[in-house]
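K.L.:
First the structure, which I've put down as structure tokens, then a few questions once you've had a look.
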Amino acid sequence: MRLVEFKPKLGYNLRMSTTPTATVLSTPEQINSLRAHMLRIGLESELKGFRLTNKAPSCYITIKRELGFKGSKIKVYAQYILWMEQKGLLIVSDHDRAILTGWAI
């Protein structure tokens, strides 16, 4: 088993243990962390105009309901990224934090 570091854009950082053929999420914290990252990816897709499914609520609606954020998609996105950083799920650079703080207002 080895530790894999996943780094999408904006300097995010997610670590999980993997084997050559599978990834193992064995604790509730790891599962919730992956769910948070998937909601972030879904919201980024929605910002670009894509929708993951027509049957389930959008990631935007899910995040707003669960965390009580208010505002447009871009404002909810900024608030969500800053929330993830507070929870220790993301590493955000100072430059990106300044941009996101301006969007969250």
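Chain labels follow the order of the structure tokens: the first chain is A, the next B, and so on; residue numbering restarts at 1 in every chain, and ligands are counted from 1 in their shown order.
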At a cut-off of 12 Å, using only C-alpha atoms, what residues contact range 72-84 of chain A? Leave out same-chain residues fewer than 2 positions from it and give the result as a PyMOL selection string.

P.N.:
chain A and resi 10-14+32-37+39-49+58-70+86-94+96-105

K.L.:
Tell me, which residues of range 11-93 of chain A carry DSSP strand (DSSP E), written as a PyMOL selection string?

P.N.:
chain A and resi 14-18

K.L.:
Okay, now the selection with N, CA and C atoms, as a CSV table (one decimal), in the first residue's frame?

P.N.:
chain,number,residue,atom,x,y,z
A,14,LEU,N,-5.2,16.2,-1.4
A,14,LEU,CA,-6.0,15.1,-0.8
A,14,LEU,C,-5.1,13.9,-0.8
A,15,ARG,N,-5.0,13.3,0.4
A,15,ARG,CA,-4.2,12.1,0.5
A,15,ARG,C,-5.0,10.9,0.9
A,16,MET,N,-4.8,9.8,0.3
A,16,MET,CA,-5.5,8.5,0.6
A,16,MET,C,-4.5,7.4,0.3
A,17,SER,N,-4.8,6.2,1.0
A,17,SER,CA,-3.9,5.1,0.8
A,17,SER,C,-4.5,4.2,-0.4
A,18,THR,N,-3.6,3.7,-1.1
A,18,THR,CA,-4.0,2.9,-2.3
A,18,THR,C,-3.2,1.6,-2.4

K.L.:
In Å to one decimal, how far is CA of Pro28 in chain A from CA of Glu85 in chain A?

P.N.:
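That distance, rounded to one decimal, is 18.5 Å.
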